[in-house]
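Peer 1: Structure supplied as run.csv; contents: CSV, N, CA and C atoms.
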```csv
chain,number,residue,atom,x,y,z
A,225,MET,N,0.9,-1.2,0.0
A,225,MET,CA,0.0,0.0,0.0
A,225,MET,C,0.9,1.2,0.0
A,226,SER,N,0.7,2.1,-1.0
A,226,SER,CA,1.6,3.3,-1.1
A,226,SER,C,0.9,4.4,-0.3
A,227,LYS,N,1.7,5.4,0.0
A,227,LYS,CA,1.3,6.6,0.7
A,227,LYS,C,1.5,7.8,-0.1
A,228,ASN,N,0.5,8.7,-0.2
A,228,ASN,CA,0.6,9.9,-0.9
A,228,ASN,C,0.9,11.0,0.0
A,229,ILE,N,1.9,11.8,-0.3
A,229,ILE,CA,2.5,12.9,0.5
A,229,ILE,C,2.3,14.2,-0.2
A,230,TYR,N,1.8,15.2,0.6
A,230,TYR,CA,1.7,16.6,0.1
A,230,TYR,C,3.0,17.3,0.5
A,231,VAL,N,3.5,18.1,-0.4
A,231,VAL,CA,4.7,18.9,-0.2
A,231,VAL,C,4.4,20.4,-0.5
A,232,GLY,N,4.3,21.2,0.5
A,232,GLY,CA,4.0,22.6,0.2
A,232,GLY,C,5.1,23.6,0.5
A,233,ASN,N,4.9,24.9,0.1
A,233,ASN,CA,5.8,26.0,0.2
A,233,ASN,C,7.1,25.7,-0.5
A,234,LEU,N,7.0,25.0,-1.7
A,234,LEU,CA,8.2,24.7,-2.5
A,234,LEU,C,8.7,26.0,-3.2
A,235,PRO,N,10.1,26.1,-3.3
A,235,PRO,CA,10.6,27.1,-4.1
A,235,PRO,C,10.1,26.9,-5.6
A,236,TYR,N,9.8,28.0,-6.3
A,236,TYR,CA,9.2,27.9,-7.6
A,236,TYR,C,10.1,27.2,-8.6
A,237,GLU,N,11.4,27.2,-8.4
A,237,GLU,CA,12.3,26.6,-9.4
A,237,GLU,C,12.4,25.1,-9.2
A,238,ILE,N,11.8,24.5,-8.2
A,238,ILE,CA,11.9,23.1,-8.0
A,238,ILE,C,11.1,22.3,-9.0
A,239,THR,N,11.6,21.3,-9.6
A,239,THR,CA,10.9,20.5,-10.6
A,239,THR,C,10.5,19.1,-10.0
A,240,SER,N,9.7,18.4,-10.7
A,240,SER,CA,9.2,17.1,-10.3
A,240,SER,C,10.4,16.2,-10.1
A,241,ASP,N,11.4,16.3,-10.9
A,241,ASP,CA,12.7,15.5,-10.8
A,241,ASP,C,13.4,15.8,-9.5
A,242,ASN,N,13.5,17.1,-9.2
A,242,ASN,CA,14.1,17.5,-7.9
A,242,ASN,C,13.4,16.9,-6.7
A,243,LEU,N,12.1,17.0,-6.8
A,243,LEU,CA,11.2,16.4,-5.7
A,243,LEU,C,11.5,14.9,-5.5
A,244,GLN,N,11.5,14.2,-6.6
A,244,GLN,CA,11.8,12.8,-6.6
A,244,GLN,C,13.1,12.5,-5.9
A,245,THR,N,14.2,13.2,-6.4
A,245,THR,CA,15.5,13.0,-5.8
A,245,THR,C,15.5,13.3,-4.3
A,246,LEU,N,14.8,14.3,-3.9
A,246,LEU,CA,14.8,14.7,-2.5
A,246,LEU,C,14.2,13.5,-1.6
A,247,PHE,N,13.1,12.9,-2.1
A,247,PHE,CA,12.4,11.9,-1.4
A,247,PHE,C,13.1,10.5,-1.5
A,248,GLU,N,13.8,10.3,-2.6
A,248,GLU,CA,14.5,9.0,-2.8
A,248,GLU,C,15.5,8.6,-1.7
A,249,GLU,N,15.9,9.7,-1.0
A,249,GLU,CA,16.8,9.5,0.2
A,249,GLU,C,16.2,8.6,1.2
A,250,TYR,N,14.8,8.6,1.2
A,250,TYR,CA,14.1,7.9,2.3
A,250,TYR,C,13.5,6.6,1.8
A,251,GLY,N,13.5,6.3,0.6
A,251,GLY,CA,12.9,5.0,0.1
A,251,GLY,C,12.5,5.2,-1.4
A,252,GLU,N,11.8,4.1,-1.8
A,252,GLU,CA,11.3,4.1,-3.2
A,252,GLU,C,10.2,5.1,-3.5
A,253,VAL,N,10.4,5.9,-4.5
A,253,VAL,CA,9.4,6.9,-4.9
A,253,VAL,C,8.6,6.3,-6.1
A,254,THR,N,7.3,6.2,-6.0
A,254,THR,CA,6.6,5.7,-7.2
A,254,THR,C,6.2,6.8,-8.1
A,255,SER,N,6.0,8.0,-7.5
A,255,SER,CA,5.7,9.2,-8.4
A,255,SER,C,6.0,10.5,-7.6
A,256,ALA,N,6.4,11.5,-8.4
A,256,ALA,CA,6.6,12.8,-7.8
A,256,ALA,C,6.2,13.9,-8.8
A,257,LYS,N,5.3,14.8,-8.4
A,257,LYS,CA,4.8,15.8,-9.3
A,257,LYS,C,4.7,17.1,-8.7
A,258,VAL,N,5.3,18.1,-9.3
A,258,VAL,CA,5.1,19.5,-8.9
A,258,VAL,C,3.9,20.0,-9.7
A,259,ILE,N,3.0,20.7,-9.0
A,259,ILE,CA,1.8,21.2,-9.7
A,259,ILE,C,2.0,22.5,-10.3
A,260,ASN,N,1.8,22.6,-11.6
A,260,ASN,CA,2.0,23.9,-12.3
A,260,ASN,C,0.7,24.5,-12.7
A,261,ASP,N,0.7,25.8,-12.8
A,261,ASP,CA,-0.5,26.6,-13.3
A,261,ASP,C,-0.8,26.2,-14.7
A,262,ARG,N,-2.0,25.9,-15.0
A,262,ARG,CA,-2.4,25.5,-16.3
A,262,ARG,C,-2.2,26.6,-17.4
A,263,HIS,N,-2.3,27.9,-17.0
A,263,HIS,CA,-2.2,29.0,-18.0
A,263,HIS,C,-0.8,29.4,-18.1
A,264,THR,N,0.0,29.6,-17.0
A,264,THR,CA,1.3,30.1,-17.1
A,264,THR,C,2.4,29.1,-17.2
A,265,GLY,N,2.1,27.9,-16.8
A,265,GLY,CA,3.1,26.8,-16.7
A,265,GLY,C,4.0,26.9,-15.6
A,266,ARG,N,3.9,28.0,-14.7
A,266,ARG,CA,4.7,28.2,-13.6
A,266,ARG,C,4.3,27.3,-12.4
A,267,SER,N,5.3,26.9,-11.6
A,267,SER,CA,5.0,26.1,-10.4
A,267,SER,C,4.0,26.8,-9.5
A,268,LYS,N,3.1,26.1,-8.9
A,268,LYS,CA,2.2,26.7,-7.9
A,268,LYS,C,2.8,26.6,-6.5
A,269,GLY,N,4.0,26.0,-6.4
A,269,GLY,CA,4.7,26.0,-5.1
A,269,GLY,C,4.3,24.8,-4.2
A,270,PHE,N,3.7,23.8,-4.8
A,270,PHE,CA,3.4,22.6,-4.1
A,270,PHE,C,3.4,21.4,-5.0
A,271,GLY,N,3.4,20.2,-4.4
A,271,GLY,CA,3.4,19.0,-5.2
A,271,GLY,C,3.0,17.8,-4.4
A,272,PHE,N,3.1,16.7,-5.0
A,272,PHE,CA,2.7,15.4,-4.3
A,272,PHE,C,3.8,14.4,-4.7
A,273,VAL,N,4.0,13.5,-3.7
A,273,VAL,CA,5.0,12.4,-3.8
A,273,VAL,C,4.3,11.2,-3.3
A,274,GLU,N,4.4,10.1,-4.1
A,274,GLU,CA,3.9,8.8,-3.7
A,274,GLU,C,5.1,7.9,-3.4
A,275,MET,N,5.1,7.3,-2.2
A,275,MET,CA,6.1,6.3,-1.9
A,275,MET,C,5.5,4.9,-1.7
A,276,SER,N,6.3,3.9,-2.1
A,276,SER,CA,5.8,2.6,-2.1
A,276,SER,C,5.6,2.0,-0.7
A,277,SER,N,6.4,2.5,0.3
A,277,SER,CA,6.3,2.0,1.6
A,277,SER,C,5.8,3.0,2.6
A,278,ASN,N,4.8,2.7,3.4
A,278,ASN,CA,4.3,3.6,4.4
A,278,ASN,C,5.3,4.0,5.4
A,279,ASP,N,6.2,3.1,5.8
A,279,ASP,CA,7.3,3.4,6.8
A,279,ASP,C,8.2,4.4,6.2
A,280,ASP,N,8.6,4.2,4.9
A,280,ASP,CA,9.5,5.2,4.3
A,280,ASP,C,8.9,6.5,4.2
A,281,ALA,N,7.6,6.5,3.8
A,281,ALA,CA,6.8,7.8,3.7
A,281,ALA,C,6.8,8.5,5.1
A,282,ASP,N,6.5,7.8,6.1
A,282,ASP,CA,6.4,8.4,7.5
A,282,ASP,C,7.8,9.0,7.9
A,283,LYS,N,8.9,8.2,7.5
A,283,LYS,CA,10.2,8.7,7.8
A,283,LYS,C,10.5,10.0,7.0
A,284,ALA,N,10.1,10.0,5.8
A,284,ALA,CA,10.4,11.2,4.9
A,284,ALA,C,9.6,12.4,5.5
A,285,ILE,N,8.3,12.2,5.9
A,285,ILE,CA,7.5,13.3,6.4
A,285,ILE,C,8.1,13.8,7.7
A,286,GLU,N,8.5,12.9,8.6
A,286,GLU,CA,9.1,13.3,9.8
A,286,GLU,C,10.4,14.1,9.6
A,287,GLN,N,11.3,13.6,8.7
A,287,GLN,CA,12.6,14.3,8.5
A,287,GLN,C,12.5,15.6,7.7
A,288,LEU,N,11.5,15.6,6.7
A,288,LEU,CA,11.5,16.8,5.8
A,288,LEU,C,10.5,17.9,6.2
A,289,ASN,N,9.5,17.6,7.0
A,289,ASN,CA,8.6,18.6,7.3
A,289,ASN,C,9.3,19.7,8.1
A,290,GLY,N,9.2,21.0,7.6
A,290,GLY,CA,9.8,22.1,8.3
A,290,GLY,C,11.3,22.3,7.9
A,291,SER,N,11.8,21.4,7.1
A,291,SER,CA,13.2,21.5,6.7
A,291,SER,C,13.3,22.6,5.6
A,292,GLU,N,14.5,23.1,5.4
A,292,GLU,CA,14.8,24.2,4.5
A,292,GLU,C,15.2,23.7,3.1
A,293,LEU,N,14.6,24.2,2.1
A,293,LEU,CA,14.9,23.9,0.7
A,293,LEU,C,15.0,25.2,-0.1
A,294,LYS,N,16.3,25.5,-0.5
A,294,LYS,CA,16.5,26.7,-1.2
A,294,LYS,C,15.9,27.9,-0.5
A,295,GLY,N,16.1,28.0,0.8
A,295,GLY,CA,15.7,29.2,1.5
A,295,GLY,C,14.2,29.2,2.0
A,296,ARG,N,13.5,28.1,1.7
A,296,ARG,CA,12.1,28.1,2.1
A,296,ARG,C,11.9,26.9,3.0
A,297,ASN,N,11.1,27.0,4.1
A,297,ASN,CA,10.8,25.9,4.9
A,297,ASN,C,9.6,25.2,4.3
A,298,ILE,N,9.8,23.9,3.9
A,298,ILE,CA,8.7,23.2,3.2
A,298,ILE,C,7.8,22.5,4.2
A,299,LYS,N,6.6,22.3,3.8
A,299,LYS,CA,5.6,21.6,4.6
A,299,LYS,C,5.4,20.3,4.0
A,300,VAL,N,5.5,19.2,4.8
A,300,VAL,CA,5.4,17.9,4.3
A,300,VAL,C,4.4,17.1,5.2
A,301,ASN,N,3.4,16.6,4.6
A,301,ASN,CA,2.4,15.8,5.4
A,301,ASN,C,1.6,14.8,4.5
A,302,VAL,N,0.9,14.0,5.2
A,302,VAL,CA,0.1,13.0,4.4
A,302,VAL,C,-1.0,13.8,3.6
A,303,ALA,N,-1.1,13.5,2.3
A,303,ALA,CA,-2.0,14.2,1.4
A,303,ALA,C,-3.4,13.8,1.8
A,304,LYS,N,-4.3,14.8,1.9
A,304,LYS,CA,-5.7,14.5,2.2
A,304,LYS,C,-6.4,14.2,0.9
A,305,PRO,N,-7.3,13.2,0.9
A,305,PRO,CA,-8.1,12.9,-0.4
A,305,PRO,C,-8.8,14.2,-0.9
A,306,ARG,N,-8.9,14.3,-2.2
A,306,ARG,CA,-9.5,15.4,-2.8
A,306,ARG,C,-11.0,15.4,-2.6
A,307,ARG,N,-11.5,16.6,-2.3
A,307,ARG,CA,-12.9,16.8,-2.1
A,307,ARG,C,-13.5,17.3,-3.4
A,308,ASN,N,-14.7,16.8,-3.8
A,308,ASN,CA,-15.3,17.3,-5.0
A,308,ASN,C,-16.0,18.6,-4.8
```
Give the structure from this file in structure tokens form.
Peer 2:
Amino acid sequence: MSKNIYVGNLPYEITSDNLQTLFEEYGEVTSAKVINDRHTGRSKGFGFVEMSSNDDADKAIEQLNGSELKGRNIKVNVAKPRRN
């Protein structure tokens, strides 16, 4: 069972690849995506990472939440299911 992680307050220059590399330190990443504005193509400053192991995901959340990335303190927590 994989765990979906929300990553917020990202520096705008961070790409999906950067996000994946950051989280791979903690385990296998099944997907990593920075959300971009549909019209401008610019990063919205947040993204989602999916990890194959819940333990690895918990470890990544614990280690990365509040940590600094290119001068910004990122928010990392369990992604909440989308509401319609």
Peer 1: Pick out each residue of chain A that DSSP on the backbone tags as strand (DSSP E); I need them as an NGL selection string.
Peer 2: :A and (227-232 or 253-260 or 267-275 or 292-293 or 296-297 or 299-302)
Peer 1: Have a look at atom C of Leu243 in chain A and CA of Asp279 in chain A and let me know their distance in Å, one decimal.
Peer 2: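 Atom-to-atom, atom C of Leu243 in chain A to CA of Asp279 in chain A, that is 17.4 Å.
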Peer 1: Can you list every residue in chain A that DSSP puts in helix (DSSP H, G or I), as a list in words?
Peer 2: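 Result set for chain A (helix (DSSP H, G or I)): Ser240, Asp241, Asn242, Leu243, Gln244, Thr245, Leu246, Phe247, Glu248, Asn278, Asp279, Asp280, Ala281, Asp282, Lys283, Ala284, Ile285, Glu286, Gln287 and Leu288 of chain A.
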Peer 1: What's the 7 Å shell around Glu252 in chain A, counting all atoms listed in the file, without same-chain residues fewer than 2 positions away, as a list in words?
Peer 2: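 Listed by chain and then number, they are Phe247, Glu248, Glu249, Tyr250, Thr254, Ser255, Glu274, Met275, Ser276, Ser277 and Asp280 of chain A.
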Peer 1: Using only C-alpha atoms, which protein or nucleic acid residues come within 7 Å of Val231 in chain A? Drop anything in the same chain fewer than 5 positions from it, and give the result as a list in words.
Peer 2: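 Neighbouring residues, sequence-local ones excluded: Phe270, Gly271, Phe272, Ile298, Lys299, Val300 and Asn301 of chain A.
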Peer 1: Please determine, counting only C-alpha atoms, which residue among A:Val273, A:Leu246, A:Asp241, A:Gly265 has the shortest atom-to-atom distance to Leu288 in chain A.
Peer 2: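 Answer, going by the shortest atom-to-atom distance: A:Leu246.
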Peer 1: Provide the atom C of Asn278 in chain A to atom N of Val302 in chain A distance in Å, to one decimal place.
Peer 2: 10.9 Å
Peer 1: For CA of Gly269 in chain A and atom N of Val253 in chain A, quote the distance in Å rounded to one decimal.
Peer 2: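 The value is 20.9 Å.
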Peer 1: At most 6 Å from (-1.7, 14.0, -3.1), file frame, only N, CA and C atoms: which residues, as a ChimeraX atom specification?
Peer 2: /A:228-230,272-273,303-304
Peer 1: Here is a test: counting only C-alpha atoms, which residue of A:Lys268, A:Pro305, A:Asp261, A:Ala281 is nearest to Glu237 in chain A?
Peer 2: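 Of A:Lys268, A:Pro305, A:Asp261, A:Ala281, the one nearest Glu237 in chain A is A:Lys268, counting only C-alpha atoms.
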Peer 1: Return the single residue from A:Asn260, A:Asn308, A:Ser291, A:Ser267 that is closest to Pro235 in chain A, with distances computed using only N, CA and C atoms.
Peer 2: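 Smallest separation from Pro235 in chain A among the options: A:Ser267.
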Peer 1: Pick out the closest residue to Lys283 in chain A from this set: A:Gly251, A:Thr239, A:Leu234, A:Ile259. Count all atoms listed in the file.
Peer 2: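 Of A:Gly251, A:Thr239, A:Leu234, A:Ile259, the one nearest Lys283 in chain A is A:Gly251, counting all atoms listed in the file.
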